[in-house]
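Since the structure comes first, as structure tokens, the remarks are kept for the end.
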Amino acid sequence: MLDSLPPQPQPPRTAEARPGPVRLAPLRGETNLSYLDRLADRYRLGVRDLIPALLQVGGGLFKGYRTDGEVYLNAEARARISAFCRVPEEILQRALPAWTAQEPLAPDGAGAAGRFRFGAVVPAAGEGCRLCTAARTRRTKPARIYLQPHTRICPRHRRWMLGTHWIDGAPAGTEQVDLAKLPEMVPAHRRHLDLLRHRPDTARAFEVAHAVVVSWWAQQWSEEEQWPHRVRQLTPQGADPGWWRLLARDTVTYPETVALTSVLTDARTRQRLLADTGGHLLHTLAHVPGLVGELARGTNRPWLPEQIASTSAGPLLLWAQHCVRADADTAVADRLWTLHMAHRPRPIARELTAYRDAAQQPEKAAGDRRLHWGSGTGRIRRSPPAWSTPALTPPYTATSPHRSTAASTALPWAPG
């Protein structure tokens, strides 16, 4: 009788991943959560029901669930998802930017694991073009994609993706707008894509340009005509213009942001700037007339130099100062596109929240204006200009914060 070998220790075995009956292809740039949500929908389940059961991780995976969040998976969880949806992991990784972004640890050190996150720790995302999604999936369920400045426009269907703006635990309600009445947007998008292809600093320069343009937008110059026109074109009939001015801020300023990005990334711009300053540190934009003039021409605003020449602070002046320093010290070149926290535009969600709060506290309005309640029809006797964002505005219903309704009586303006 032969002696048998003693039993050898075996590695722990996890539940075998089995393919499901539905093969679901991912969309390019889609969030993990969106893909899993669409997968669950094909089985007529919610994502919070299917995925914890599939990964065997319990219902706590989606604690604090919000539709604008993201779920990160470890290798074991990714393998199970890949097998279940019958899509190779290589394809999922190419399509889903966050597929391998993090590697959560399982509680016992082995097995599938996931982590749900939302808020500022998750990159900006929102619904992709609904028409494109419907054409690719043959279903009406929307898909959420990561939004970058150059991916917010669908040139085919002329739509702008606003993203999701959460206010008091609920989305603002409007995710995308129609650009049919703004023909200048698509050419600006083509120019943006061309800059990304040919100028390596474009992505970082766009952030600086965006901060500069938003600082101009906040001034509400009387000479400015293009932005108010675009706001009016985007504002739905019966909607509050002040609310929409804030909601569409990045949309209406997009062509000028692209134009400014083109100017800042042009090597000739820096050469003229150095010639104007003679290598000396500038203290106002009046010391760089070449730059100011080029910005006026690039944005088609001949009145701009008079408005910004005296600027002695802000992202544009800081960029010009970095240009001068970088010419004298190459180590400073890395800071050329640095955007200080104080110069970053205020998130649109915070702007909308402040606007709504001001509407709900009319007694704190500036000046000696007094409120005169309307007849309850939801109309305003005398509306403020569409371009202004007054301190007093109509209150909003919880279901539609951007519309005036009979359920939320409007606040008419009285002469001061």
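Residues in the structure tokens are numbered from 1 in each chain, the chains being A, B, ... in the order shown, and ligands are numbered from 1 in the order shown.
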
Do a neighbour search on Leu260 in chain A at 8 Å with only C-alpha atoms, toss out local chain neighbours closer than 2 positions, and write the hits as a PyMOL selection string.
-> chain A and resi 209+256-258+262-264+295+298-299

Go ahead and dump the residues you just picked, N, CA and C atoms, as a PDB file, in the first residue's frame.
```pdb
ATOM      1  N   ALA A 209      -8.150  80.389 -18.477  1.00  0.00           N
ATOM      2  CA  ALA A 209      -9.032  81.215 -19.297  1.00  0.00           C
ATOM      3  C   ALA A 209     -10.454  81.225 -18.736  1.00  0.00           C
ATOM      4  N   GLU A 256     -15.932  82.584 -25.639  1.00  0.00           N
ATOM      5  CA  GLU A 256     -14.898  83.515 -25.202  1.00  0.00           C
ATOM      6  C   GLU A 256     -13.789  82.800 -24.434  1.00  0.00           C
ATOM      7  N   THR A 257     -14.147  81.750 -23.683  1.00  0.00           N
ATOM      8  CA  THR A 257     -13.128  80.975 -22.974  1.00  0.00           C
ATOM      9  C   THR A 257     -12.202  80.283 -23.955  1.00  0.00           C
ATOM     10  N   VAL A 258     -12.757  79.745 -25.026  1.00  0.00           N
ATOM     11  CA  VAL A 258     -11.918  79.117 -26.055  1.00  0.00           C
ATOM     12  C   VAL A 258     -11.038  80.165 -26.734  1.00  0.00           C
ATOM     13  N   SER A 262      -6.908  80.278 -26.741  1.00  0.00           N
ATOM     14  CA  SER A 262      -6.091  80.389 -27.948  1.00  0.00           C
ATOM     15  C   SER A 262      -5.050  81.494 -27.819  1.00  0.00           C
ATOM     16  N   VAL A 263      -5.452  82.617 -27.240  1.00  0.00           N
ATOM     17  CA  VAL A 263      -4.512  83.731 -27.067  1.00  0.00           C
ATOM     18  C   VAL A 263      -3.417  83.362 -26.075  1.00  0.00           C
ATOM     19  N   LEU A 264      -3.788  82.762 -24.949  1.00  0.00           N
ATOM     20  CA  LEU A 264      -2.807  82.473 -23.901  1.00  0.00           C
ATOM     21  C   LEU A 264      -1.808  81.404 -24.320  1.00  0.00           C
ATOM     22  N   LEU A 295      -6.680  90.323 -26.624  1.00  0.00           N
ATOM     23  CA  LEU A 295      -7.875  89.768 -25.991  1.00  0.00           C
ATOM     24  C   LEU A 295      -9.133  90.440 -26.526  1.00  0.00           C
ATOM     25  N   GLY A 298      -9.623  89.019 -30.031  1.00  0.00           N
ATOM     26  CA  GLY A 298      -9.991  87.613 -30.007  1.00  0.00           C
ATOM     27  C   GLY A 298     -11.404  87.363 -29.528  1.00  0.00           C
ATOM     28  N   THR A 299     -11.901  88.217 -28.630  1.00  0.00           N
ATOM     29  CA  THR A 299     -13.256  88.053 -28.097  1.00  0.00           C
ATOM     30  C   THR A 299     -14.270  88.962 -28.781  1.00  0.00           C
TER      31      THR A 299
END
```

Contacts of Leu316 in chain A at 9 Å or less, counting only C-alpha atoms, minus same-chain residues fewer than 6 places along, as an NGL selection string?
-> :A and (208-209 or 211-212 or 285)

Using only C-alpha atoms, which of the listed residues (A:His322, A:His165, A:Arg199, A:Arg301) sits closest to Leu246 in chain A?
->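 Using only C-alpha atoms, the shortest distance to Leu246 in chain A belongs to A:His165.
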
Could you pull out the residues in range 75-283 of chain A that DSSP calls alpha helix (DSSP H) from the backbone, as an NGL selection string?
-> :A and (75-85 or 89-95 or 130-137 or 185-198 or 202-217 or 226-234 or 241-247 or 249-252 or 254-264 or 267-277)

Residues at most 8 Å from range 64-73 of chain A, counting only C-alpha atoms, excluding those fewer than 3 positions away in the same chain, as an mmCIF file with N, CA and C atoms, in the first residue's frame?
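Output saved as selection.cif:
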```
data_model
loop_
_atom_site.group_PDB
_atom_site.id
_atom_site.type_symbol
_atom_site.label_atom_id
_atom_site.label_comp_id
_atom_site.auth_asym_id
_atom_site.auth_seq_id
_atom_site.Cartn_x
_atom_site.Cartn_y
_atom_site.Cartn_z
ATOM 1 N N THR A 31 -19.424 56.566 -16.498
ATOM 2 C CA THR A 31 -19.034 56.267 -15.118
ATOM 3 C C THR A 31 -19.325 54.798 -14.816
ATOM 4 N N ASN A 32 -18.578 54.241 -13.876
ATOM 5 C CA ASN A 32 -18.857 52.865 -13.455
ATOM 6 C C ASN A 32 -20.295 52.716 -12.981
ATOM 7 N N LEU A 33 -20.738 53.686 -12.175
ATOM 8 C CA LEU A 33 -22.084 53.613 -11.608
ATOM 9 C C LEU A 33 -23.143 53.626 -12.702
ATOM 10 N N GLU A 76 -11.202 41.593 -7.930
ATOM 11 C CA GLU A 76 -12.159 40.489 -7.864
ATOM 12 C C GLU A 76 -13.547 40.951 -8.299
ATOM 13 N N ALA A 77 -13.944 42.122 -7.856
ATOM 14 C CA ALA A 77 -15.254 42.646 -8.234
ATOM 15 C C ALA A 77 -15.304 42.947 -9.724
ATOM 16 N N ARG A 78 -14.225 43.506 -10.253
ATOM 17 C CA ARG A 78 -14.200 43.800 -11.689
ATOM 18 C C ARG A 78 -14.303 42.521 -12.517
ATOM 19 N N ALA A 98 -12.937 55.275 -14.830
ATOM 20 C CA ALA A 98 -12.694 54.961 -13.422
ATOM 21 C C ALA A 98 -12.699 53.457 -13.155
ATOM 22 N N TRP A 99 -12.621 52.635 -14.194
ATOM 23 C CA TRP A 99 -12.720 51.189 -14.010
ATOM 24 C C TRP A 99 -11.650 50.668 -13.058
ATOM 25 N N THR A 100 -10.419 51.136 -13.212
ATOM 26 C CA THR A 100 -9.327 50.701 -12.329
ATOM 27 C C THR A 100 -8.783 51.864 -11.505
ATOM 28 N N ALA A 101 -9.612 52.879 -11.272
ATOM 29 C CA ALA A 101 -9.121 54.093 -10.608
ATOM 30 C C ALA A 101 -8.707 53.837 -9.164
ATOM 31 N N GLN A 102 -9.396 52.945 -8.482
ATOM 32 C CA GLN A 102 -9.060 52.661 -7.088
ATOM 33 C C GLN A 102 -9.120 51.147 -6.865
ATOM 34 N N GLU A 103 -8.575 50.716 -5.744
ATOM 35 C CA GLU A 103 -8.541 49.290 -5.422
ATOM 36 C C GLU A 103 -9.009 49.099 -3.987
ATOM 37 N N PRO A 104 -10.330 49.113 -3.769
ATOM 38 C CA PRO A 104 -10.845 48.939 -2.405
ATOM 39 C C PRO A 104 -10.436 47.584 -1.830
ATOM 40 N N ALA A 112 -14.431 40.035 -3.337
ATOM 41 C CA ALA A 112 -14.860 41.250 -4.032
ATOM 42 C C ALA A 112 -15.104 42.376 -3.034
ATOM 43 N N ALA A 113 -14.837 43.586 -3.487
ATOM 44 C CA ALA A 113 -15.054 44.767 -2.636
ATOM 45 C C ALA A 113 -15.356 45.961 -3.525
ATOM 46 N N GLY A 114 -16.112 46.876 -2.985
ATOM 47 C CA GLY A 114 -16.436 48.099 -3.694
ATOM 48 C C GLY A 114 -16.499 49.267 -2.728
ATOM 49 N N ARG A 115 -16.426 50.459 -3.270
ATOM 50 C CA ARG A 115 -16.502 51.666 -2.436
ATOM 51 C C ARG A 115 -17.299 52.712 -3.208
ATOM 52 N N PHE A 116 -18.300 53.285 -2.560
ATOM 53 C CA PHE A 116 -19.126 54.316 -3.188
ATOM 54 C C PHE A 116 -18.698 55.690 -2.698
ATOM 55 N N ARG A 117 -18.553 56.621 -3.629
ATOM 56 C CA ARG A 117 -18.153 57.980 -3.291
ATOM 57 C C ARG A 117 -19.026 58.964 -4.065
ATOM 58 N N PHE A 118 -19.188 60.162 -3.492
ATOM 59 C CA PHE A 118 -19.924 61.211 -4.205
ATOM 60 C C PHE A 118 -19.411 62.560 -3.727
ATOM 61 N N GLY A 119 -19.856 63.607 -4.412
ATOM 62 C CA GLY A 119 -19.449 64.953 -4.032
ATOM 63 C C GLY A 119 -18.162 65.393 -4.700
ATOM 64 N N VAL A 122 -15.407 63.163 -6.453
ATOM 65 C CA VAL A 122 -15.689 62.506 -7.734
ATOM 66 C C VAL A 122 -15.581 63.550 -8.847
ATOM 67 N N ALA A 125 -19.346 64.904 -13.630
ATOM 68 C CA ALA A 125 -20.041 63.979 -14.532
ATOM 69 C C ALA A 125 -21.472 64.451 -14.698
ATOM 70 N N GLY A 126 -22.104 63.956 -15.714
ATOM 71 C CA GLY A 126 -23.494 64.306 -15.975
ATOM 72 C C GLY A 126 -24.042 63.441 -17.081
ATOM 73 N N THR A 164 -24.583 67.738 -13.372
ATOM 74 C CA THR A 164 -25.560 67.658 -12.284
ATOM 75 C C THR A 164 -25.172 68.630 -11.185
#
```
